[in-house]
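Peer 1: The structure is given below, and queries will be raised subsequently.
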Number of protein chains: 2
Amino acid sequence: MNEVGAADPLTDVEDRDTAENAVETAAPDSLHDEDDRLKPEFVTAVLDAVEEGHNEEARELVSPLHPADIADLLELTPSEQRGEVAAALGDLVGAEVLSELNDYVRDDLIDALAPEQIAEFAGELDTDDAVAIIEDMDSEDQQAVLDALAPEDRAAIESALSYPEESAGRLMQRDLIAVPEHMSVGQVIDYLRDNSDLTSDFWEIFVVDEAHKPIGTCQLSWVLTCPRGIAISDLMKREQTLIPVDMDQEEVALRFQKYALISAAVVDGSGRLVGMITVDDILHIVQEEAGEDVLRLSGAGDGDINQPILMTVRTRLSWLIVNLGTAIFAASVVGFFQETIAKYVVLAVLMPIVSGMGGNAGTQTMAVAVRALATNQLTSSNTRRNILREFRIALANGSVLGCLIGVAVGLIYQNHDLGIVIAMAMLFNNLVAGLAGILVPLTLEKAGVDPAVSSAVFVTTLTDVMGFFSFLGLATLWGL
Amino acid sequence: MNEVGAADPLTDVEDRDTAENAVETAAPDSLHDEDDRLKPEFVTAVLDAVEEGHNEEARELVSPLHPADIADLLELTPSEQRGEVAAALGDLVGAEVLSELNDYVRDDLIDALAPEQIAEFAGELDTDDAVAIIEDMDSEDQQAVLDALAPEDRAAIESALSYPEESAGRLMQRDLIAVPEHMSVGQVIDYLRDNSDLTSDFWEIFVVDEAHKPIGTCQLSWVLTCPRGIAISDLMKREQTLIPVDMDQEEVALRFQKYALISAAVVDGSGRLVGMITVDDILHIVQEEAGEDVLRLSGAGDGDINQPILMTVRTRLSWLIVNLGTAIFAASVVGFFQETIAKYVVLAVLMPIVSGMGGNAGTQTMAVAVRALATNQLTSSNTRRNILREFRIALANGSVLGCLIGVAVGLIYQNHDLGIVIAMAMLFNNLVAGLAGILVPLTLEKAGVDPAVSSAVFVTTLTDVMGFFSFLGLATLWGL
């Protein structure tokens with residue numbers, strides 16, 4: 001019956017005009033700005049309505065929003081008003097909104113809810129989303145919620161909680177479609193149509209053997225485009241990426257990227273299918289893991305603007321105190337050269353240039369190395385080549401920078417010796433920076449320490465100390 | 001016919017053991033290490049085989065690999081051997097491998113290929129992957145490849161190239177399934193079965209009106225689980241996220257995350273469906289965009305370890321030269337206080353502590369602000385609150401750090417006045433750091449400049465200058 005006239009999937013694109021209107025379509029309301037963020041006027045309107053006790057008005061404003069937008073709204077609400085706003089919005093703040101919320105904001109709101117209410121929300125969600133809500137509660141509250149859950153939900157969530165945090169077992173959902181290999185396409189379709197209690201959110205069908213081990217995967221589009229008589233085992237793809245249930249989520253995300261997966265089977269120790277991970281959960285992880293490098297390198301912890309301020313102060317302060325220690329250590333190097341400085345104060349003026357430029361160059365190399373390690377691009381097969389590469393880059397940059405500062409200083413202070421000393425120190429410290437920038441992250445990675453967390457303190461201490469030492473030491477030797 | 005015994009989708013997970021075996025299953029070979037990276041022994045074996053002219057042996061080694069792994073292998077091959085290895089592997093380096101390759105590595109290889117060969121590869125790929133290969137070629141080569149393409153492929157690729165780089169128009173593929181709203185589920189299935197020339201890679205069906213404007217989206221799982229008689233318009237979801245064809249890819253990625261999309265319809269200026277973007281292409285973008293903040297903040301450009309070394313030197317050096325300028329500027333502030341330093345050299349020893357700690361604190365705040373801006377968490381609705389938040393954090397950190405360094409310096413140098421001066425300077429510079437760390441990125445974002453690219457130079461210049469100025473200035477005023 002093809003003559004019903006299916007629309008042509010290939011559209012002609014000759015006479016397209018500007019996409020102005022389309023932007024409108026994408027956000028067909030006056031609530032969002034061009035970047036799909038809620039407009040401040042809208043947020044203020046809702047907060048004002050709640051403040052003045054017009055809860056009905058607030059609900060009316062909010063009701064057209066997508067749950068992800070309601071979550072955004074609550075995140076944009078000052079923390080002291082959040083409970084009140086959530087209460088005013090009532091059942092608009094449902095399970096889905098809760099699962100979209102930032103962890104800290106959710107903790108705020110959950111504290112105010114009864115365990116039965118949380119259990120009700122958890123029951124509505126996929127296992128992975130329910131786990132995300134429950135896993136951060138303290139154990140007493142967690143138990144109260146678990147007790148209030150329906151038995152099968154409780155079993156699924158308890159089992160997920162038994163896996164380590166940030167592992168595949170926490171990410172996966174248990175509702176999936178698995179069929180035996182002897183089925184035909186038609187039988188699979190009938191099975192799906194006849195069993196209304198099956199999940200309706202799936203993108204691939206897993207084919208399993210008698211021991212419930214996955215032997216192949218079948219995209220739904222293949223099932224839909226094939227005649228009913230075809231055997232599912234002839235249709236499925238046999239190469240599959242199986243995720244061990246205890247695999248770290250960062251590894252899981254790398255597999256999804258590398259093999260362009262939409263969903264993947266999760267297997268237990270004996271290779272049996274126990275769950276499924278879908279790509280929409282992976283997007284968040286990729287975003288988080290890739291973004292957290294910059295926060296960790298800078299010592300800002302998880303850098304969440306919704307974190308309670310005392311926790312933020314503690315995280316950042318402990319990093320700053322470590323840095324204070326290394327700064328005092330670097331300063332003590334300067335202390336050795338007080339006599340030289342006293343004779344020639346210009347050295348004190350110039351020394352921060354040498355140390356600072358080393359820090360800048362080291363940070364460049366370190367950022368590249370940390371990212372290359374995180375994305376599996378820097379492996380033992382190309383380590384030596386990349387160390388050499390960084391050395392050559394440092395040699396080139398150090399030479400240019402050394403010449404520039406040497407000539408400038410020589411001219412300004414009319415002192416060739418001073419120019420030569422600072423040029424040599426600059427080159428030397430750039431080499432230190434380039435080598436430390438790659439060797440420190442590599443060594444930390446080998447030692448099993450996250451290079452993003454600890455590299456910066458080592459690299460900048462090295463470039464500070466060696467910057468002061470090389471410049472002031474050379475100046476002393478040179479008899480400046 | 002449900003009695004054929006569909007396997008139970010919910011598996012019991014009571015008796016799972018360790019996931020050791022499962023890791024085996026996930027990488028069922030001896031070619032990968034536990035992180036799914038090719039083992040160095042394997043890479044060496046392939047390179048050695050090629051070097052010794054045993055191309056057949058090299059091909060045998062490589063043939064079990066997934067295209068993504070063959071791409072990894074070529075990336076791990078030193079650039080001077082890459083052409084030789086690719087030639088030895090012959091048709092194992094096909095269209096899919098090419099589309100998985102790092103841009104720089106691909107450019108290397110493509111230079112050696114005839115336009116007809118590239119056109120053949122492009123013809124095998126989805127539009128978006130073909131465009132990714134062709135878009136970076138210089139216009140003459142590009143034209144040669146386009147001329148060698150089949151007419152319909154050429155039209156699709158030329159049209160994609162007419163959109164700006166990194167826009168939805170470049171990312172989308174044209175092969176998609178669109179059906180009119182009056183169809184039933186059964187009619188859709190028959191249409192898909194009867195038209196063998198349709199794409200078989202799709203996850204959702206788009207429902208369009210007579211003007212070919214999307215009016216709803218239907219997950220394949222819904223189609224499969226429903227009786228044939230249901231109207232597709234009753235099944236589809238009407239709220240949909242439409243992507244304007246000229247939307248920037250970073251924005252597209254944020255929509256996919258926010259609304260947990262698997263695929264999305266791309267519409268032209270008049271709202272008509274012109275293509276589809278799928279989530280597997282978005283994963284790469286999220287990874288890139290989130291990861292590049294750390295590289296940009298550090299001035300490492302795109303930080304690709306496969307970039308030709310001269311290009312890397314140029315990128316990093318230009319950033320370092322800008323920093324050299326600001327370092328000289330900061331040093332000139334020290335220059336004003338030479339007399340004070342000459343009288344009391346200890347000031348030279350201590351001054352880098354004040355400026356350096358300001359830099360550290362500023363970098364923390366800046367990293368948080370840049371990430372919060374990139375993920376749409378910091379918006380005009382909560383800007384003022386977050387500036388205040390950073391001020392309070394800086395006040396707390398600055399007070400603690402000021403006390404620590406003040407007491408330490410007072411005791412070490414037995415000089416209370418010196419302790420008080422450095423404590424005050426430390427607090428002051430922390431406040432400068434906290435405010436600059438958030439105000440600089442906000443201002444740049446407002447001005448339409450990527451805050452990740454340019455924030456660092458402003459913030460560290462400010463903390464250097466104000467660190468020197470506050471400490472040495474106070475010391476002078478205090479008469480130290």
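Each chain in the structure tokens gets a letter, A, B, ..., in the order shown, and its residues are numbered from 1; ligands are numbered from 1 in order too.
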Would you pick out the contacts of A:Met351 at 12 Å or less, using only C-alpha atoms, so that residues sharing its chain but fewer than 5 positions from it are not included, and give the list as a PyMOL selection string?

Peer 2: (chain A and resi 330-331+333-334+337+341+344-346+356-358+405+409+418+421-423+425-426+429+463-475) or (chain B and resi 327-328+330-332+334-335+348-349+351-352)

Peer 1: Any chance you can output those residues with C-alpha atoms as a CSV table (one decimal), in the first residue's frame?

Peer 2:
chain,number,residue,atom,x,y,z
A,330,ALA,CA,59.7,28.8,45.7
A,331,ALA,CA,60.2,32.1,47.6
A,333,VAL,CA,64.8,29.9,46.6
A,334,VAL,CA,64.8,33.6,46.1
A,337,PHE,CA,70.0,35.1,46.4
A,341,ILE,CA,69.4,41.1,44.5
A,344,TYR,CA,71.3,44.7,41.7
A,345,VAL,CA,67.6,45.3,42.4
A,346,VAL,CA,66.6,45.1,38.7
A,356,GLY,CA,55.7,33.3,35.1
A,357,MET,CA,56.5,32.5,31.5
A,358,GLY,CA,57.6,29.0,32.5
A,405,ILE,CA,63.3,39.2,26.3
A,409,VAL,CA,66.2,43.8,28.6
A,418,LEU,CA,71.8,41.0,31.9
A,421,VAL,CA,71.4,35.9,31.5
A,422,ILE,CA,67.7,36.4,31.2
A,423,ALA,CA,67.6,34.9,27.7
A,425,ALA,CA,67.2,31.5,32.0
A,426,MET,CA,64.1,31.9,29.8
A,429,ASN,CA,62.8,27.4,32.1
A,463,THR,CA,58.6,26.3,36.8
A,464,ASP,CA,58.6,28.8,39.7
A,465,VAL,CA,61.5,27.2,41.5
A,466,MET,CA,63.6,26.6,38.4
A,467,GLY,CA,62.7,30.0,37.0
A,468,PHE,CA,64.0,31.8,40.1
A,469,PHE,CA,66.9,29.5,40.5
A,470,SER,CA,68.1,29.6,36.9
A,471,PHE,CA,67.8,33.4,36.6
A,472,LEU,CA,69.2,34.4,39.9
A,473,GLY,CA,71.8,31.6,39.9
A,474,LEU,CA,73.1,32.6,36.5
A,475,ALA,CA,73.1,36.2,37.5
B,327,ALA,CA,54.5,39.9,32.3
B,328,ILE,CA,56.8,42.9,31.3
B,330,ALA,CA,53.5,43.6,35.6
B,331,ALA,CA,57.3,43.7,36.1
B,332,SER,CA,57.3,47.4,35.4
B,334,VAL,CA,57.8,46.2,40.5
B,335,GLY,CA,60.2,48.7,38.8
B,348,ALA,CA,61.5,40.8,46.7
B,349,VAL,CA,61.5,37.3,48.2
B,351,MET,CA,56.2,39.5,46.5
B,352,PRO,CA,55.8,36.5,44.2

Peer 1: If we count only C-alpha atoms, what is near stretch 76-92 of chain A at a cut-off of 7 Å, once residues fewer than 6 positions away on the same chain are taken out, given as a list in words?

Peer 2: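 Once the adjacent positions are removed, what remains is Val50, Asn55, Ala58, Arg59, Ser63 and Leu109 of chain A; Ser381 and Asn382 of chain B.
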
Peer 1: Suppose we keep C-alpha atoms; can you now write the selection as a PDB file, in the first residue's frame?

Peer 2:
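Once written, result21.pdb looks like this:
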ATOM      1  CA  VAL A  50       5.200  32.799  44.543  1.00  0.00           C
ATOM      2  CA  ASN A  55       0.612  30.066  43.521  1.00  0.00           C
ATOM      3  CA  ALA A  58       2.979  30.625  39.168  1.00  0.00           C
ATOM      4  CA  ARG A  59       1.684  27.191  38.173  1.00  0.00           C
ATOM      5  CA  SER A  63       2.918  24.493  33.247  1.00  0.00           C
ATOM      6  CA  LEU A 109      14.532  19.744  47.773  1.00  0.00           C
TER       7      LEU A 109
ATOM      8  CA  SER B 381      18.902  35.402  35.995  1.00  0.00           C
ATOM      9  CA  ASN B 382      21.611  34.410  38.431  1.00  0.00           C
TER      10      ASN B 382
END

Peer 1: Please list as a PyMOL selection string every residue within 7 Å of A:Met247, counting only C-alpha atoms and excluding residues in the same chain fewer than 4 positions away.

Peer 2: chain A and resi 167-168+243+251-252

Peer 1: So that I have them on file, write out the residues from the current selection with C-alpha atoms, as a short mmCIF file (atom, residue, chain, number, x, y, z; two decimals), in the first residue's frame.

Peer 2:
data_model
loop_
_atom_site.label_atom_id
_atom_site.label_comp_id
_atom_site.auth_asym_id
_atom_site.auth_seq_id
_atom_site.Cartn_x
_atom_site.Cartn_y
_atom_site.Cartn_z
CA SER A 167 30.04 2.16 37.36
CA ALA A 168 28.00 0.67 34.52
CA ILE A 243 29.85 -3.49 28.88
CA GLU A 251 35.33 4.02 30.09
CA VAL A 252 31.73 3.29 29.13
#

Peer 1: Excluding same-chain residues fewer than 3 positions from B:Ile157, what lies within 7 Å of it counting only C-alpha atoms, as an NGL selection string?

Peer 2: :B and (127 or 131 or 153-154 or 160-161)

Peer 1: Mind checking which residues fall within 7 Å of stretch 435-440 of chain A, counting only C-alpha atoms, ignoring those fewer than 3 positions away in the same chain, and posting them as a list in words?

Peer 2: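 Contacts, with the query itself left out: Gly362, Thr363, Thr365, Met366, Ala369, Ile387, Glu390, Phe391, Leu431, Val432, Thr443, Leu444, Ser455 and Val459 of chain A.
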
Peer 1: Can you spit out the residues from that selection as a CSV table (one decimal), in the first residue's frame, using all heavy atoms?

Peer 2:
chain,number,residue,atom,x,y,z
A,362,GLY,N,54.2,25.7,30.7
A,362,GLY,CA,54.0,24.4,31.4
A,362,GLY,C,52.5,24.1,31.4
A,362,GLY,O,52.1,23.0,31.1
A,363,THR,N,51.7,25.2,31.6
A,363,THR,CA,50.2,25.0,31.6
A,363,THR,C,49.7,24.5,30.2
A,363,THR,O,48.8,23.7,30.1
A,363,THR,CB,49.5,26.3,32.1
A,363,THR,OG1,50.0,26.6,33.4
A,363,THR,CG2,48.0,26.1,32.2
A,365,THR,N,51.3,22.8,27.9
A,365,THR,CA,51.7,21.4,27.6
A,365,THR,C,50.9,20.5,28.5
A,365,THR,O,50.4,19.4,28.1
A,365,THR,CB,53.2,21.2,27.9
A,365,THR,OG1,53.9,22.1,27.2
A,365,THR,CG2,53.6,19.8,27.6
A,366,MET,N,50.7,20.9,29.8
A,366,MET,CA,49.9,20.1,30.7
A,366,MET,C,48.5,19.9,30.3
A,366,MET,O,47.9,18.8,30.3
A,366,MET,CB,50.0,20.8,32.1
A,366,MET,CG,49.4,20.0,33.2
A,366,MET,SD,49.8,20.9,34.7
A,366,MET,CE,48.9,22.5,34.5
A,369,ALA,N,48.4,17.4,27.5
A,369,ALA,CA,48.7,16.0,27.9
A,369,ALA,C,47.5,15.5,28.7
A,369,ALA,O,47.1,14.3,28.5
A,369,ALA,CB,50.0,16.0,28.8
A,387,ILE,N,56.7,13.0,24.0
A,387,ILE,CA,57.7,13.7,24.9
A,387,ILE,C,58.7,14.5,24.0
A,387,ILE,O,59.0,15.7,24.3
A,387,ILE,CB,58.4,12.7,25.8
A,387,ILE,CG1,57.4,12.1,26.8
A,387,ILE,CG2,59.5,13.4,26.6
A,387,ILE,CD1,58.0,11.0,27.6
A,390,GLU,N,57.0,17.6,22.6
A,390,GLU,CA,56.9,18.7,23.5
A,390,GLU,C,58.3,19.3,23.7
A,390,GLU,O,58.4,20.5,23.9
A,390,GLU,CB,56.3,18.2,24.9
A,390,GLU,CG,54.8,17.9,24.8
A,390,GLU,CD,54.0,19.1,24.3
A,390,GLU,OE1,54.4,20.2,24.5
A,390,GLU,OE2,52.9,18.8,23.8
A,391,PHE,N,59.4,18.5,23.8
A,391,PHE,CA,60.7,19.1,23.9
A,391,PHE,C,61.0,20.0,22.8
A,391,PHE,O,61.6,21.1,23.0
A,391,PHE,CB,61.7,17.9,24.1
A,391,PHE,CG,63.1,18.4,24.3
A,391,PHE,CD1,63.5,18.9,25.6
A,391,PHE,CD2,64.0,18.5,23.2
A,391,PHE,CE1,64.8,19.3,25.8
A,391,PHE,CE2,65.3,19.0,23.4
A,391,PHE,CZ,65.7,19.4,24.7
A,431,LEU,N,62.2,24.8,28.7
A,431,LEU,CA,62.5,23.4,28.6
A,431,LEU,C,62.0,22.6,29.8
A,431,LEU,O,61.3,21.6,29.7
A,431,LEU,CB,64.0,23.2,28.3
A,431,LEU,CG,64.5,23.7,27.0
A,431,LEU,CD1,66.1,23.5,27.0
A,431,LEU,CD2,63.9,23.0,25.8
A,432,VAL,N,62.2,23.2,31.0
A,432,VAL,CA,61.7,22.6,32.2
A,432,VAL,C,60.2,22.5,32.1
A,432,VAL,O,59.6,21.5,32.4
A,432,VAL,CB,62.1,23.4,33.4
A,432,VAL,CG1,61.3,23.0,34.7
A,432,VAL,CG2,63.6,23.4,33.7
A,443,THR,N,53.4,10.6,34.6
A,443,THR,CA,53.8,9.8,35.8
A,443,THR,C,52.6,9.6,36.7
A,443,THR,O,52.4,8.5,37.3
A,443,THR,CB,54.9,10.6,36.5
A,443,THR,OG1,55.9,11.0,35.6
A,443,THR,CG2,55.5,9.8,37.7
A,444,LEU,N,51.8,10.7,36.9
A,444,LEU,CA,50.6,10.6,37.8
A,444,LEU,C,49.7,9.5,37.2
A,444,LEU,O,49.2,8.7,38.0
A,444,LEU,CB,49.9,11.9,37.9
A,444,LEU,CG,50.7,13.0,38.7
A,444,LEU,CD1,50.0,14.3,38.5
A,444,LEU,CD2,50.8,12.6,40.1
A,455,SER,N,48.3,17.6,38.6
A,455,SER,CA,49.4,18.0,37.8
A,455,SER,C,49.9,19.4,38.0
A,455,SER,O,51.1,19.7,38.1
A,455,SER,CB,49.1,17.8,36.3
A,455,SER,OG,49.0,16.5,36.0
A,459,VAL,N,53.7,21.1,38.4
A,459,VAL,CA,54.3,21.8,37.2
A,459,VAL,C,54.6,23.2,37.6
A,459,VAL,O,55.7,23.7,37.3
A,459,VAL,CB,53.3,21.7,36.0
A,459,VAL,CG1,53.8,22.6,34.9
A,459,VAL,CG2,53.2,20.3,35.5

Peer 1: Figure out the distance between atom CA of B:Val93 and atom CA of B:Gln142, please, to one decimal in Å.

Peer 2: 20.4 Å

Peer 1: What's the separation between atom CA of A:Trp478 and atom CA of A:Asp417, in Å to one decimal place?

Peer 2: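 Atom-to-atom, atom CA of A:Trp478 to atom CA of A:Asp417, that is 7.8 Å.
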
Peer 1: Write down as a ChimeraX atom specification the residues of stretch 108-258 of chain A whose backbone DSSP state falls under helix (DSSP H, G or I).

Peer 2: /A:108-110,115-124,127-134,139-148,151-161,168-171,185-194,220-225,232-235,249-258

Peer 1: Taking only C-alpha atoms into account, name the residue in A:Ala300, A:Leu442, A:Leu462, A:Leu310 that is nearest to chain B.

Peer 2: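 The closest residue to chain B is A:Ala300.
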
Peer 1: Could you pull the residues within 10 Å of B:Asp280, counting only C-alpha atoms, minus those fewer than 5 positions along the same chain, as JSON, numbers by chain?

Peer 2: {"A": [256, 257, 258, 259, 260, 261, 262, 279, 280, 283], "B": [262, 263, 285]}

Peer 1: Which of these, B:Glu116, B:Asp35, B:Glu152, B:Asp138, has the shortest distance to chain A once you count only C-alpha atoms?

Peer 2: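 The closest residue to chain A is B:Asp35.
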
Peer 1: I'd like the neighbourhood of A:Thr315 as a compact mmCIF listing (two decimals) with all heavy atoms, in the first residue's frame, where a residue qualifies if any of its atoms comes within 10 Å (using only C-alpha atoms), though same-chain residues fewer than 3 positions away should be ignored.

Peer 2:
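Result written to result.txt:
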# COMPACT_ATOMS: atom_id res chain seq x y z
N GLY A 299 42.00 23.45 40.34
CA GLY A 299 41.79 23.26 41.77
C GLY A 299 40.44 23.75 42.25
O GLY A 299 40.29 24.15 43.39
N ALA A 300 39.45 23.72 41.36
CA ALA A 300 38.13 24.22 41.75
C ALA A 300 37.18 23.07 42.09
O ALA A 300 35.98 23.25 42.11
CB ALA A 300 37.54 25.09 40.65
N GLY A 301 37.71 21.89 42.36
CA GLY A 301 36.85 20.76 42.72
C GLY A 301 35.91 20.42 41.59
O GLY A 301 36.31 20.43 40.43
N ASP A 302 34.63 20.15 41.91
CA ASP A 302 33.71 19.88 40.81
C ASP A 302 33.13 21.18 40.24
O ASP A 302 32.38 21.16 39.28
CB ASP A 302 32.64 18.85 41.19
CG ASP A 302 31.61 19.40 42.16
OD1 ASP A 302 31.73 20.57 42.56
OD2 ASP A 302 30.67 18.68 42.51
N GLY A 303 33.48 22.30 40.85
CA GLY A 303 33.18 23.60 40.26
C GLY A 303 31.71 23.86 40.01
O GLY A 303 31.35 24.58 39.09
N ILE A 309 28.03 27.10 49.68
CA ILE A 309 29.22 27.95 49.61
C ILE A 309 30.32 27.48 50.56
O ILE A 309 31.51 27.54 50.22
CB ILE A 309 28.81 29.42 49.87
CG1 ILE A 309 29.92 30.36 49.41
CG2 ILE A 309 28.46 29.65 51.30
CD1 ILE A 309 29.42 31.79 49.24
N LEU A 310 29.95 26.93 51.72
CA LEU A 310 30.97 26.48 52.67
C LEU A 310 31.77 25.32 52.10
O LEU A 310 32.99 25.23 52.27
CB LEU A 310 30.31 26.04 53.99
CG LEU A 310 30.27 27.11 55.06
CD1 LEU A 310 29.57 26.58 56.31
CD2 LEU A 310 31.70 27.56 55.40
N MET A 311 31.06 24.43 51.38
CA MET A 311 31.74 23.30 50.76
C MET A 311 32.71 23.80 49.69
O MET A 311 33.83 23.30 49.55
CB MET A 311 30.68 22.39 50.15
CG MET A 311 31.08 20.92 50.08
SD MET A 311 29.83 19.96 49.19
CE MET A 311 28.54 19.83 50.40
N THR A 312 32.27 24.81 48.92
CA THR A 312 33.12 25.38 47.89
C THR A 312 34.38 26.00 48.50
O THR A 312 35.49 25.79 48.01
CB THR A 312 32.35 26.46 47.10
OG1 THR A 312 31.15 25.89 46.61
CG2 THR A 312 33.18 26.98 45.94
N SER A 318 41.55 24.37 50.43
CA SER A 318 42.57 23.35 50.69
C SER A 318 43.57 23.32 49.53
O SER A 318 44.77 23.13 49.73
CB SER A 318 41.92 21.98 50.91
OG SER A 318 40.96 21.73 49.94
N TRP A 319 43.08 23.53 48.33
CA TRP A 319 43.98 23.61 47.17
C TRP A 319 44.89 24.85 47.27
O TRP A 319 46.10 24.78 47.02
CB TRP A 319 43.14 23.64 45.89
CG TRP A 319 43.90 23.86 44.64
CD1 TRP A 319 43.96 25.00 43.91
CD2 TRP A 319 44.70 22.90 43.94
NE1 TRP A 319 44.74 24.81 42.81
CE2 TRP A 319 45.22 23.54 42.80
CE3 TRP A 319 45.04 21.57 44.18
CZ2 TRP A 319 46.05 22.90 41.89
CZ3 TRP A 319 45.87 20.93 43.27
CH2 TRP A 319 46.36 21.59 42.15
N LEU A 320 44.32 25.96 47.67
CA LEU A 320 45.11 27.19 47.77
C LEU A 320 46.17 27.07 48.86
O LEU A 320 47.28 27.61 48.72
CB LEU A 320 44.20 28.40 48.03
CG LEU A 320 43.31 28.81 46.85
CD1 LEU A 320 42.34 29.92 47.28
CD2 LEU A 320 44.15 29.29 45.67

Peer 1: If I take atom CA of B:Val449 and atom CA of A:Leu295, how far is one from the other in Å, to one decimal?

Peer 2: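 Atom-to-atom, atom CA of B:Val449 and atom CA of A:Leu295 are spaced 20.6 Å apart.
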
Peer 1: Ranking A:Thr383, A:Thr460, A:Ser162, A:Gln287 by minimum distance to chain B and counting only C-alpha atoms, which one comes first?

Peer 2: A:Gln287

Peer 1: Using only C-alpha atoms for the distances, tell me which of B:Ser159, B:Asn415, B:Ser30, B:Ser233 is nearest to chain A.

Peer 2: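 Among the listed residues, B:Ser159 lies closest to chain A.
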